[in-house]
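Engineer: First the structure, then my questions, so here it is.
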Amino acid sequence: MSNESITIAGAPSRGGALRRLDPSMLLWLVMIAALIFLVASPIVRLLISSFQEAETGRLTLANYRDAYFNVRHLTALANSIELGVGVAVLAGLFGVPIAWAISRTDMPLKGLVRILVLGAFITPPYLGAIGWILLAGPNSGWLNRLWIAATGEAHGIFNIYSMPGLILVVAVTSFPYVFVFTNSALDLVSSEMEDAAQILGAGRLRTVFRITLPLVFPAILGGLIISFLEAISLFGAPALIALPARFNVVATQLWQFFEYPVRVEEAAAFAMPLLVITIAMFALQRFLLGRKGYAAVTGKGGERRMIPLGPWRWVMLGYSFFVCALSVLLPMTVLLQAAFAKAWGRGFSLENLTLANFRYLLFDQTQARDTIINTFVYAGATAFVSIALALAIAYVVSRKLVPWANVLGFLCMAPFVIPGIVLAIGFYAAYAPPPLALYGTGTILVLAFTTRYLPIAYASSSASMRSINHEMEEAVRILGGGRLLAIRKVLAPLLKKSLAGAWILVFIPAARELSSAIFLVGPNTRVISVMLFDLSEEGNFEVLAALGVILLVATLAIAAIGFRIIGRDFMLRRNV
Amino acid sequence: MTGIFNATRRDILKGGGTAAVALGLGATLMPRAARADMTPHEKELYEAAKKDGQLTWYTAHSDDVTAQALGRKFEALYPGIKCNVVRTTAQVAFQRVSQELKAGAMQVDVLSSTDIGHYVYLKDKKLLEKYVPENSSKVLDIYKNYDPDGYYFVTSAGMIGMSTNTSKVKPADAPANWTGLDDSKWNNQIALGHPAFSGYVGTWTVMMRKLYGWPFFEKLAKNNPRVGRSINDTVTLLNSGESSIAGTAAQNSTVESLKKGNPLAMIYPTDGTVLILAPSGIMKGVKHPNAARLFMEFLMSVDASKIWVEHFTETMRAEVPPLAGVKSAKDVKTIRPSVEEISKGIPEVIKQWRETFGV
């Protein structure tokens with residue numbers, strides 16, 4: 001059906017007054033209320049309770065005093081910033097060269113490298129941490145054992161239980177953010193400016209550093225900021241590594257406020273710097289980008305040629321594999337070994353192989369099966385709810401159905417900058433107690449996950465909404481169909497594929513989410529990430545690894561089915 | 001054989017699982033009947049508990065494997081009642097209970113902590129349900145009348161000593177007493193649990209402070225120990241060779257691992273092995289009160305003690321003898337702080353620990 005034919009048919013248009021009475025208005029109001037419920041209310045509640053006395057609810061500054069007049073608390077804050085900066089720098093060093101090599105050069109085996117980066121994206125940081133404990137435990141890690149065997153020295157050289165160790169573990173799972181941002185920006189830059197630089201006598205390397213990378217600087221900066229924010233809000237990896245290394249970060253300190261006696265108010269006060277840092281980061285981004293023009297990204301797509309690297313392409317490939325080895329290949333190898341081992345310390349031998357860890361989880365453990373089912377049901381529900389909501393808001397915003405529609409768009413993106421653990425405290429404070437009394441229900445988890453991943457759903461929905469000309473639905477309305485009919489019959493079918501892509505993008509992180517789940521689960525609503533955390537207390541790495549493998553395999557299987565349906569994935573575009 | 005499961009345990013678990021499935025199937029096909037050997041009280045409780053259908057048990061009494069075996073055994077004995085076993089360290093269990101209290105939504109039915117202070121606090125705040133199990137008069141005398149008012153009962157007992165990895169430490173070099181941990185030869189080699197997580201380790205810390213004062217820990221910190229969370233963590237660290245001596249070694253998880261062939265040796269210090277009496281209680285206003293009561297009976301039953309003993313933990317009942325060749329509390333010199341010392345001491349030592357060890 002083409003637009004012109006309907007326009008020509010020219011059915012009479014309804015009057016403006018009738019249009020305002022459209023019954024779908026009610027639906028929009030519900031969606032807007034939902035947004036306020038999910039995003040605004042927990043954060044406002046968090047802010048308020050940071051100024052409240054625990055018992056009486058009276059206004060006070062005592063929470064801030066207790067939270068900050070404590071050397072250990074301040075050290076935790078400093079540690080978090082060190083962690084965030086370290087991770088951002090390392091993620092940049094990992095992500096940018098690979099993105100450049102894939103986008104701009106003739107490096108071989110690009111498809112394989114992309115798949116490995118995707119693998120790093122899917123791996124939850126706490127699983128990476130367990131893998132790295134097995135690799136680089138100071139006395140027993142595989143790498144240290146190899147080192148001792150090779151050199152004959154008494155001690156290994158790697159110590160994962162340290163700040164550099166933690167930075168490495170978090171960076172190898174968060175560099176894909178930098179990669180994706182940089183890569184997609186580079187793909188839009190044409191070779192013209194590089195050509196100009198070379199004509200004027202700049203060498204290849206100089207061109208890369210003076211022309212190509214500065215052109216995509218906003219994208220790189222965006223990726224670095226996301227890595228930084230991820231790092232300071234993570235809970236699982238620091239709990240596994242920082243605790244034995246005997247230092248605290250903000251997230252593990254926040255967790256201590258939930259020890260008896262629960263001090264939600266003090267936790268709220270202590271969570272504020274994370275919010276402030278986040279806002280500061282984005283202000284810094286604005287400042288750095290200033291009014292400079294980055295208009296090379298015109299979308300017109302001039303010619304793009306791959307830069308021939310000669311023998312250096314093997315060096316780039318080697319570097320890419322090195323990064324992927326650190327992030328996926330090495331940790332996955334030892335995790336698989338542990339998952340199928342009677343005792344991981346006994347190494348890679350047939351005699352050490354067993355399925356007992358899986359049998360224990362699937363048959364002997366009273367909770368594991370329910371936990372596995374919960375995880376994927378909640379993640380699936382989260383994906384559906386967040387996309388439905390995001391789509392509705394994106395529609396309202398793009399069609400400007402209500403005044404200040406842009407505020408709604410902003411609210412949808414806001415959770416992006418709220419650390420998961422802070423969001424969870426807000427949700428706990430707002431919705432766990434009566435009147436809603438959602439504590440221990442699956443609903444509170446789905447709602448929290450929905451809020452957390454709403455920005456992904458919204459970014460996808462609004463991008464695809466923009467790609468669709470509104471004339472098509474107007475045609476339906478001209479012919480007398482209501483707005484909801486237009487959405488059902490025109491918009492939805494057109495958006496199907498991109499929504500499926502968004503579904504997977506929300507599903508994957510929701511299935512592995514720990515930071516916001518840890519304060520909200522009850523005994524019957526446990527998810528795999530929390531169960532992994534509980535099991536990790538005993539350090540039973542074989543069962544832990546087996547549960548991790550179940551999580552990864554199931555996530556990959558569901559994602560693979562999704563990718564099949566939409567015919568591509570979000571990083572491995574079809575034409576590569 | 002050093003596997004996670006040895007052959008006997010695998011068979012036991014498998015048998016338990018099959019029995020549970022068989023009984024579960026049977027239960028759906030025919031009307032559920034109480035077993036012939038049930039006491040009238042038990043029968044009555046079981047009938048009422050069936051209406052509850054399930055219960056949630058937060059336990060810090062043992063490792064996950066033992067806790068799951070107990071849960072499965074309960075389900076096999078009382079078909080139609082599901083037991084949700086959530087094993088964490090004592091402080092994490094109590095953290096979740098506190099969260100539930102604050103949110104006004106109790107999820108837990110039976111709480112089995114290893115920090116007696118939790119029960120003193122909960123009873124004081126009138127948050128415990130009074131229930132005197134019929135079986136509470138049948139346990140060994142040492143476990144009787146822990147709370148004369150009948151709000152909580154000892155349902156498990158264990159011992160804390162030290163342990164070494166025998167492939168790294170010769171028996172002659174192993175310390176005979178706790179104070180040996182301060183020797184600088186153990187630099188970077190010591191594994192410890194954490195009192196802010198483990199009730200066992202919390203009680204141990206209180207006891208050590210009482211014996212030697214806090215300087216004991218300041219010297220210990222100089223040896224840069226690896227601080228985990230659960231007391232069972234130390235077994236993993238020793239088995240993997242990451243540490244060579246555990247300053248906090250629970251006898252049950254250590255001996256269980258030793259019997260599987262891991263190179264471990266238990267040390268019973270000369271000043272005394274720390275004996276832990278770990279209670280259980282029912283929370284007030286729980287969703288499954290009858291199932292919770294039945295579970296309290298179960299924890300003090302012969303059947304439960306059989307499982308405890310299979311997993312190298314102290315027996316509760318005279319009918320179940322300790323395993324041959326495994327030291328029991330009556331074979332060694334044991335020490336333990338008083339209830340008041342523990343309930344007052346643990347919050348204090350957690351603070352001191354954080355100052356001394358940094359986490």
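Chain labels follow the order of the structure tokens: the first chain is A, the next B, and so on; residue numbering restarts at 1 in every chain, and ligands are counted from 1 in their shown order.
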Specify as a PDB file with N, CA and C atoms, in the first residue's frame all residues of chain A found within 6 Å of chain B, counting only C-alpha atoms.

Structural biologist:
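part_9.pdb written:
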ATOM      1  N   ASN A 139      48.447 -17.728  44.282  1.00  0.00           N
ATOM      2  CA  ASN A 139      49.209 -18.971  44.468  1.00  0.00           C
ATOM      3  C   ASN A 139      48.696 -20.110  43.602  1.00  0.00           C
ATOM      4  N   SER A 140      47.378 -20.065  43.257  1.00  0.00           N
ATOM      5  CA  SER A 140      46.794 -21.255  42.642  1.00  0.00           C
ATOM      6  C   SER A 140      46.286 -21.017  41.224  1.00  0.00           C
ATOM      7  N   PRO A 244      38.254 -10.006  49.228  1.00  0.00           N
ATOM      8  CA  PRO A 244      39.469 -10.732  49.623  1.00  0.00           C
ATOM      9  C   PRO A 244      40.723  -9.867  49.495  1.00  0.00           C
ATOM     10  N   ARG A 246      40.818  -6.964  50.396  1.00  0.00           N
ATOM     11  CA  ARG A 246      40.738  -6.112  51.579  1.00  0.00           C
ATOM     12  C   ARG A 246      40.608  -4.638  51.248  1.00  0.00           C
ATOM     13  N   PHE A 247      39.808  -4.283  50.227  1.00  0.00           N
ATOM     14  CA  PHE A 247      39.406  -2.890  50.102  1.00  0.00           C
ATOM     15  C   PHE A 247      37.937  -2.838  49.697  1.00  0.00           C
ATOM     16  N   GLU A 259      23.235  -4.331  56.013  1.00  0.00           N
ATOM     17  CA  GLU A 259      23.396  -5.262  57.118  1.00  0.00           C
ATOM     18  C   GLU A 259      22.545  -4.770  58.283  1.00  0.00           C
ATOM     19  N   TYR A 260      22.330  -5.664  59.254  1.00  0.00           N
ATOM     20  CA  TYR A 260      21.567  -5.240  60.404  1.00  0.00           C
ATOM     21  C   TYR A 260      22.328  -4.165  61.185  1.00  0.00           C
ATOM     22  N   LYS A 342      35.656 -32.376  38.781  1.00  0.00           N
ATOM     23  CA  LYS A 342      35.394 -32.810  40.143  1.00  0.00           C
ATOM     24  C   LYS A 342      36.023 -31.820  41.104  1.00  0.00           C
ATOM     25  N   ALA A 343      37.244 -31.411  40.812  1.00  0.00           N
ATOM     26  CA  ALA A 343      37.925 -30.375  41.585  1.00  0.00           C
ATOM     27  C   ALA A 343      38.783 -29.596  40.605  1.00  0.00           C
ATOM     28  N   GLY A 345      41.175 -27.632  40.752  1.00  0.00           N
ATOM     29  CA  GLY A 345      42.609 -27.585  40.972  1.00  0.00           C
ATOM     30  C   GLY A 345      43.348 -28.785  40.393  1.00  0.00           C
ATOM     31  N   GLN A 365      19.668 -29.677  44.178  1.00  0.00           N
ATOM     32  CA  GLN A 365      19.454 -28.360  44.775  1.00  0.00           C
ATOM     33  C   GLN A 365      17.959 -28.045  44.734  1.00  0.00           C
ATOM     34  N   ALA A 432       8.936  -1.445  48.283  1.00  0.00           N
ATOM     35  CA  ALA A 432       8.960  -2.677  49.082  1.00  0.00           C
ATOM     36  C   ALA A 432       7.932  -2.636  50.218  1.00  0.00           C
ATOM     37  N   PRO A 433       7.828  -1.522  50.950  1.00  0.00           N
ATOM     38  CA  PRO A 433       6.871  -1.505  52.069  1.00  0.00           C
ATOM     39  C   PRO A 433       5.440  -1.250  51.590  1.00  0.00           C
ATOM     40  N   ASP A 534      25.226 -15.867  46.244  1.00  0.00           N
ATOM     41  CA  ASP A 534      25.090 -16.626  47.493  1.00  0.00           C
ATOM     42  C   ASP A 534      26.046 -17.822  47.513  1.00  0.00           C
ATOM     43  N   GLU A 537      29.791 -17.293  48.328  1.00  0.00           N
ATOM     44  CA  GLU A 537      30.242 -17.131  49.708  1.00  0.00           C
ATOM     45  C   GLU A 537      31.076 -18.308  50.164  1.00  0.00           C
ATOM     46  N   GLU A 538      30.713 -19.493  49.657  1.00  0.00           N
ATOM     47  CA  GLU A 538      31.440 -20.689  50.100  1.00  0.00           C
ATOM     48  C   GLU A 538      32.647 -20.977  49.221  1.00  0.00           C
ATOM     49  N   GLY A 539      32.768 -20.211  48.122  1.00  0.00           N
ATOM     50  CA  GLY A 539      33.894 -20.436  47.229  1.00  0.00           C
ATOM     51  C   GLY A 539      33.861 -21.776  46.517  1.00  0.00           C
TER      52      GLY A 539
END

Engineer: Can you pull out every residue within 8 Å of Lys130 of chain B, counting only C-alpha atoms, but drop anything in the same chain fewer than 3 positions away, and send it as an MDAnalysis selection string?

Structural biologist: chainID B and resid 149:152 282

Engineer: Include N, CA and C atoms and write out the residues we just selected as a CSV table (one decimal), in the first residue's frame.

Structural biologist:
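Final output, saved to part03.csv:
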chain,number,residue,atom,x,y,z
B,149,ASP,N,12.5,-19.9,77.7
B,149,ASP,CA,11.1,-19.5,77.3
B,149,ASP,C,10.6,-20.2,76.1
B,150,GLY,N,11.4,-20.9,75.4
B,150,GLY,CA,10.9,-21.7,74.3
B,150,GLY,C,10.7,-21.0,73.0
B,151,TYR,N,11.5,-19.9,72.7
B,151,TYR,CA,11.4,-19.2,71.4
B,151,TYR,C,12.4,-19.7,70.4
B,152,TYR,N,13.5,-20.2,70.9
B,152,TYR,CA,14.5,-20.8,69.9
B,152,TYR,C,15.2,-22.0,70.5
B,282,ILE,N,11.2,-19.9,64.8
B,282,ILE,CA,10.1,-19.5,63.8
B,282,ILE,C,9.8,-18.0,63.9

Engineer: What is the atom CA of Gly141 of chain A to atom CA of Pro509 of chain A distance in Å?

Structural biologist: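 Between atom CA of Gly141 of chain A and atom CA of Pro509 of chain A the gap works out to 28.4 Å.
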
Engineer: How would you write, as a PyMOL selection string, the set of residues in segment 35-266 of chain B that DSSP gives as strand (DSSP E or B)?

Structural biologist: chain B and resi 54-59+82-87+110-112+128-129+139+152-165+190-192+226-227+245-250+264-266

Engineer: Export, as a tab-separated table (two decimals), in the first residue's frame, the selected residues with N, CA and C atoms.

Structural biologist:
chain	number	residue	atom	x	y	z
B	54	GLN	N	4.17	-25.46	51.78
B	54	GLN	CA	5.60	-25.21	51.62
B	54	GLN	C	6.12	-24.41	52.81
B	55	LEU	N	7.47	-24.31	52.89
B	55	LEU	CA	8.06	-23.38	53.84
B	55	LEU	C	9.38	-22.90	53.29
B	56	THR	N	9.82	-21.77	53.81
B	56	THR	CA	11.10	-21.20	53.39
B	56	THR	C	12.06	-21.21	54.57
B	57	TRP	N	13.21	-21.81	54.34
B	57	TRP	CA	14.19	-22.00	55.41
B	57	TRP	C	15.47	-21.25	55.07
B	58	TYR	N	15.76	-20.21	55.85
B	58	TYR	CA	17.06	-19.52	55.71
B	58	TYR	C	18.02	-20.20	56.65
B	59	THR	N	19.09	-20.75	56.11
B	59	THR	CA	20.01	-21.47	56.99
B	59	THR	C	21.46	-21.09	56.77
B	82	LYS	N	6.74	-28.49	50.26
B	82	LYS	CA	7.98	-28.13	49.58
B	82	LYS	C	8.84	-27.32	50.54
B	83	CYS	N	10.14	-27.62	50.54
B	83	CYS	CA	11.05	-26.88	51.42
B	83	CYS	C	11.99	-26.03	50.57
B	84	ASN	N	11.84	-24.70	50.65
B	84	ASN	CA	12.73	-23.80	49.91
B	84	ASN	C	13.95	-23.52	50.78
B	85	VAL	N	15.07	-24.09	50.38
B	85	VAL	CA	16.29	-23.95	51.18
B	85	VAL	C	17.12	-22.79	50.64
B	86	VAL	N	17.34	-21.79	51.46
B	86	VAL	CA	18.20	-20.68	51.05
B	86	VAL	C	19.40	-20.66	51.99
B	87	ARG	N	20.53	-21.12	51.49
B	87	ARG	CA	21.73	-21.19	52.31
B	87	ARG	C	22.57	-19.94	52.06
B	110	VAL	N	11.39	-20.37	58.81
B	110	VAL	CA	12.31	-20.82	59.85
B	110	VAL	C	13.68	-20.20	59.59
B	111	LEU	N	14.24	-19.58	60.62
B	111	LEU	CA	15.57	-18.97	60.51
B	111	LEU	C	16.57	-19.80	61.30
B	112	SER	N	17.59	-20.30	60.62
B	112	SER	CA	18.65	-21.05	61.30
B	112	SER	C	19.95	-20.28	61.15
B	128	LEU	N	9.75	-13.34	67.39
B	128	LEU	CA	9.81	-14.79	67.26
B	128	LEU	C	8.49	-15.41	67.73
B	129	GLU	N	8.13	-16.52	67.08
B	129	GLU	CA	6.94	-17.26	67.45
B	129	GLU	C	7.34	-18.30	68.49
B	139	VAL	N	16.56	-34.39	72.57
B	139	VAL	CA	17.93	-34.17	72.12
B	139	VAL	C	18.90	-34.37	73.28
B	152	TYR	N	13.53	-20.22	70.85
B	152	TYR	CA	14.49	-20.80	69.90
B	152	TYR	C	15.20	-21.98	70.53
B	153	PHE	N	15.67	-22.88	69.68
B	153	PHE	CA	16.24	-24.15	70.14
B	153	PHE	C	17.50	-24.46	69.36
B	154	VAL	N	18.47	-25.07	70.04
B	154	VAL	CA	19.68	-25.49	69.33
B	154	VAL	C	19.30	-26.61	68.37
B	155	THR	N	19.64	-26.43	67.10
B	155	THR	CA	19.32	-27.46	66.10
B	155	THR	C	20.55	-27.96	65.37
B	156	SER	N	21.69	-27.41	65.72
B	156	SER	CA	22.92	-27.86	65.07
B	156	SER	C	24.10	-27.44	65.94
B	157	ALA	N	25.17	-28.20	65.86
B	157	ALA	CA	26.37	-27.83	66.59
B	157	ALA	C	27.58	-28.17	65.76
B	158	GLY	N	28.60	-27.37	65.89
B	158	GLY	CA	29.82	-27.61	65.13
B	158	GLY	C	31.02	-27.04	65.86
B	159	MET	N	32.20	-27.42	65.38
B	159	MET	CA	33.42	-26.98	66.05
B	159	MET	C	34.31	-26.22	65.08
B	160	ILE	N	35.01	-25.23	65.63
B	160	ILE	CA	35.98	-24.48	64.84
B	160	ILE	C	37.38	-24.74	65.38
B	161	GLY	N	38.24	-25.26	64.50
B	161	GLY	CA	39.65	-25.38	64.84
B	161	GLY	C	40.45	-24.68	63.76
B	162	MET	N	41.67	-25.17	63.55
B	162	MET	CA	42.46	-24.68	62.42
B	162	MET	C	42.67	-25.87	61.49
B	163	SER	N	43.17	-25.60	60.29
B	163	SER	CA	43.49	-26.71	59.39
B	163	SER	C	44.66	-26.32	58.51
B	164	THR	N	45.34	-27.33	57.98
B	164	THR	CA	46.47	-27.06	57.08
B	164	THR	C	46.32	-27.87	55.81
B	165	ASN	N	46.95	-27.37	54.76
B	165	ASN	CA	47.11	-28.15	53.55
B	165	ASN	C	48.37	-28.98	53.74
B	190	ILE	N	47.59	-17.46	55.20
B	190	ILE	CA	46.45	-17.75	56.09
B	190	ILE	C	45.12	-17.46	55.41
B	191	ALA	N	44.16	-18.34	55.58
B	191	ALA	CA	42.80	-18.12	55.10
B	191	ALA	C	41.88	-17.94	56.30
B	192	LEU	N	41.00	-16.91	56.21
B	192	LEU	CA	40.03	-16.66	57.27
B	192	LEU	C	38.65	-16.43	56.67
B	226	ARG	N	44.16	-13.99	53.77
B	226	ARG	CA	43.14	-13.89	52.72
B	226	ARG	C	41.78	-14.00	53.41
B	227	VAL	N	41.01	-12.89	53.44
B	227	VAL	CA	39.73	-12.89	54.14
B	227	VAL	C	38.60	-13.19	53.16
B	245	ILE	N	47.21	-22.51	55.39
B	245	ILE	CA	46.67	-22.75	56.73
B	245	ILE	C	45.39	-21.94	56.92
B	246	ALA	N	44.38	-22.58	57.51
B	246	ALA	CA	43.13	-21.88	57.79
B	246	ALA	C	43.06	-21.55	59.27
B	247	GLY	N	42.88	-20.27	59.58
B	247	GLY	CA	42.74	-19.86	60.97
B	247	GLY	C	41.35	-20.13	61.49
B	248	THR	N	40.39	-20.23	60.59
B	248	THR	CA	39.03	-20.60	60.97
B	248	THR	C	38.64	-21.79	60.11
B	249	ALA	N	38.63	-22.97	60.68
B	249	ALA	CA	38.27	-24.18	59.94
B	249	ALA	C	37.11	-24.86	60.64
B	250	ALA	N	35.96	-24.91	59.96
B	250	ALA	CA	34.83	-25.64	60.53
B	250	ALA	C	35.13	-27.12	60.40
B	264	LEU	N	44.21	-32.36	53.53
B	264	LEU	CA	43.92	-31.47	54.64
B	264	LEU	C	44.17	-32.17	55.97
B	265	ALA	N	44.50	-31.39	56.97
B	265	ALA	CA	44.58	-31.93	58.32
B	265	ALA	C	43.93	-30.94	59.28
B	266	MET	N	43.11	-31.46	60.19
B	266	MET	CA	42.43	-30.62	61.17
B	266	MET	C	43.34	-30.44	62.39

Engineer: Using only C-alpha atoms for the distances, tell me which of B:Val349, B:Ile116, B:Val255, B:Leu77 is nearest to His61 of chain B.

Structural biologist: B:Ile116

Engineer: Rounded to one decimal in Å, what is the spacing between atom CA of Trp314 of chain A and atom CA of Leu116 of chain A?

Structural biologist: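 Taking atom CA of Trp314 of chain A as the start and atom CA of Leu116 of chain A as the end point, the length is 17.1 Å.
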
Engineer: Quick one: pull the distance between atom CA of Leu205 of chain A and atom CA of Tyr319 of chain A, Å, one decimal.

Structural biologist: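 Interatomic distance here is 16.8 Å.
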
Engineer: Apply DSSP to the backbone of this structure and, from segment 230-284 of chain A, keep only the residues in alpha helix (DSSP H); write these as number ranges by chain.

Structural biologist: A: 230-233, 236-241, 250-256, 264-284

Engineer: How would the residues just chosen look if you wrote them out with C-alpha atoms as an mmCIF file, in the first residue's frame?

Structural biologist:
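Output saved as result00.cif:
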data_model
loop_
_atom_site.group_PDB
_atom_site.id
_atom_site.type_symbol
_atom_site.label_atom_id
_atom_site.label_comp_id
_atom_site.auth_asym_id
_atom_site.auth_seq_id
_atom_site.Cartn_x
_atom_site.Cartn_y
_atom_site.Cartn_z
ATOM 1 C CA GLU A 230 29.355 0.724 34.721
ATOM 2 C CA ALA A 231 32.528 0.264 36.729
ATOM 3 C CA ILE A 232 31.543 2.483 39.658
ATOM 4 C CA SER A 233 28.106 0.929 39.994
ATOM 5 C CA GLY A 236 29.324 -8.511 41.878
ATOM 6 C CA ALA A 237 32.890 -8.278 40.612
ATOM 7 C CA PRO A 238 34.052 -6.052 43.506
ATOM 8 C CA ALA A 239 32.368 -8.362 46.042
ATOM 9 C CA LEU A 240 34.309 -11.297 44.609
ATOM 10 C CA ILE A 241 37.652 -9.547 44.220
ATOM 11 C CA VAL A 250 31.015 2.332 46.957
ATOM 12 C CA ALA A 251 28.855 -0.601 45.875
ATOM 13 C CA THR A 252 30.194 -3.000 48.531
ATOM 14 C CA GLN A 253 29.969 -0.228 51.128
ATOM 15 C CA LEU A 254 26.345 0.417 50.127
ATOM 16 C CA TRP A 255 25.705 -3.253 50.680
ATOM 17 C CA GLN A 256 27.041 -2.956 54.216
ATOM 18 C CA VAL A 264 18.366 2.661 53.913
ATOM 19 C CA GLU A 265 18.519 6.381 54.689
ATOM 20 C CA GLU A 266 22.278 6.383 55.164
ATOM 21 C CA ALA A 267 22.630 4.232 52.049
ATOM 22 C CA ALA A 268 20.589 6.798 50.131
ATOM 23 C CA ALA A 269 22.879 9.580 51.349
ATOM 24 C CA PHE A 270 25.956 7.566 50.431
ATOM 25 C CA ALA A 271 24.545 6.810 46.966
ATOM 26 C CA MET A 272 24.270 10.490 46.095
ATOM 27 C CA PRO A 273 27.900 10.908 44.915
ATOM 28 C CA LEU A 274 27.281 8.255 42.260
ATOM 29 C CA LEU A 275 24.444 10.379 40.915
ATOM 30 C CA VAL A 276 26.500 13.549 41.166
ATOM 31 C CA ILE A 277 29.470 11.925 39.417
ATOM 32 C CA THR A 278 27.166 10.737 36.667
ATOM 33 C CA ILE A 279 25.740 14.178 36.092
ATOM 34 C CA ALA A 280 29.255 15.641 36.217
ATOM 35 C CA MET A 281 30.419 13.148 33.590
ATOM 36 C CA PHE A 282 27.758 14.217 31.159
ATOM 37 C CA ALA A 283 28.438 17.876 31.878
ATOM 38 C CA LEU A 284 32.112 17.198 31.190
#

Engineer: Which neighbours of Pro321 of chain B fall inside 12 Å, counting only C-alpha atoms, when residues of the same chain fewer than 3 positions from it are skipped, and could you give them as a ChimeraX atom specification?

Structural biologist: /B:140,302,305-310,312-318,324-328

Engineer: Take the selection from the previous step and output its residues with N, CA and C atoms, as a short mmCIF file (atom, residue, chain, number, x, y, z; two decimals), in the first residue's frame.

Structural biologist:
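Below is the file that was written, again-v8.cif:
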data_model
loop_
_atom_site.label_atom_id
_atom_site.label_comp_id
_atom_site.auth_asym_id
_atom_site.auth_seq_id
_atom_site.Cartn_x
_atom_site.Cartn_y
_atom_site.Cartn_z
N LEU B 140 20.19 -34.44 72.96
CA LEU B 140 21.20 -34.60 73.99
C LEU B 140 21.11 -33.45 74.99
N VAL B 302 15.65 -37.72 64.68
CA VAL B 302 16.68 -38.72 64.39
C VAL B 302 17.09 -38.65 62.92
N SER B 305 19.45 -35.82 62.31
CA SER B 305 20.76 -36.10 62.90
C SER B 305 21.57 -37.08 62.05
N LYS B 306 20.84 -38.04 61.43
CA LYS B 306 21.54 -38.98 60.54
C LYS B 306 22.23 -38.21 59.42
N ILE B 307 21.52 -37.22 58.86
CA ILE B 307 22.12 -36.43 57.77
C ILE B 307 23.26 -35.57 58.29
N TRP B 308 23.07 -34.97 59.47
CA TRP B 308 24.17 -34.19 60.06
C TRP B 308 25.43 -35.04 60.17
N VAL B 309 25.24 -36.26 60.69
CA VAL B 309 26.41 -37.11 60.93
C VAL B 309 27.04 -37.55 59.61
N GLU B 310 26.20 -37.88 58.62
CA GLU B 310 26.74 -38.23 57.31
C GLU B 310 27.61 -37.11 56.76
N PHE B 312 29.40 -35.11 58.64
CA PHE B 312 30.48 -34.85 59.60
C PHE B 312 30.16 -33.72 60.59
N THR B 313 28.88 -33.56 60.87
CA THR B 313 28.47 -32.56 61.85
C THR B 313 28.01 -33.29 63.11
N GLU B 314 27.99 -32.59 64.24
CA GLU B 314 27.60 -33.21 65.51
C GLU B 314 26.18 -33.77 65.45
N THR B 315 25.97 -34.88 66.13
CA THR B 315 24.62 -35.42 66.22
C THR B 315 23.85 -34.67 67.32
N MET B 316 22.52 -34.60 67.12
CA MET B 316 21.65 -33.97 68.12
C MET B 316 21.08 -35.01 69.07
N ARG B 317 21.08 -36.26 68.61
CA ARG B 317 20.30 -37.28 69.30
C ARG B 317 21.18 -38.44 69.74
N ALA B 318 20.85 -39.02 70.89
CA ALA B 318 21.61 -40.16 71.42
C ALA B 318 21.46 -41.38 70.51
N ALA B 324 32.46 -43.23 63.21
CA ALA B 324 33.70 -43.75 63.75
C ALA B 324 34.87 -43.01 63.11
N GLY B 325 35.86 -42.67 63.94
CA GLY B 325 37.05 -42.03 63.40
C GLY B 325 36.92 -40.53 63.21
N VAL B 326 35.73 -39.97 63.50
CA VAL B 326 35.58 -38.52 63.41
C VAL B 326 35.46 -37.97 64.82
N LYS B 327 36.29 -36.96 65.11
CA LYS B 327 36.27 -36.40 66.47
C LYS B 327 34.95 -35.68 66.72
N SER B 328 34.43 -35.90 67.91
CA SER B 328 33.19 -35.24 68.31
C SER B 328 33.51 -34.28 69.45
#

Engineer: Give me the residues within 12 Å of Val120 of chain B as a PyMOL selection string, counting only C-alpha atoms and dropping any in the same chain fewer than 6 places off.

Structural biologist: chain B and resi 113+126-128+146-147+149+151-153+279-281+339-344

Engineer: Pick out the residues sitting within 9 Å of Asp303 of chain B, and hand them over as a ChimeraX atom specification; count only C-alpha atoms, and ignore anything fewer than 4 positions along from it in its own chain.

Structural biologist: /B:70,73-74,298-299,307-308,320

Engineer: So which residues touch Ile36 of chain A within 12 Å, counting only C-alpha atoms, skipping near sequence neighbours fewer than 3 positions away, as a list in words?

Structural biologist: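 Once the nearby chain positions are removed, what remains is Leu29, Val30, Met31, Ile32, Ala33, Val39, Ala40, Ser41, Pro42, Ile43, Val44, Arg45, Leu389, Ile393, Val407, Leu408, Gly409, Phe410, Leu411, Cys412, Ala414, Pro415 and Thr451 of chain A.
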
Engineer: Find the spatial neighbours of Lys210 of chain B, counting only C-alpha atoms, within a cut-off of 12 Å - ignore same-chain residues fewer than 4 positions away - and output them as number ranges by chain.

Structural biologist: B: 203-206, 214-217, 335-338, 341-342, 345-346, 349
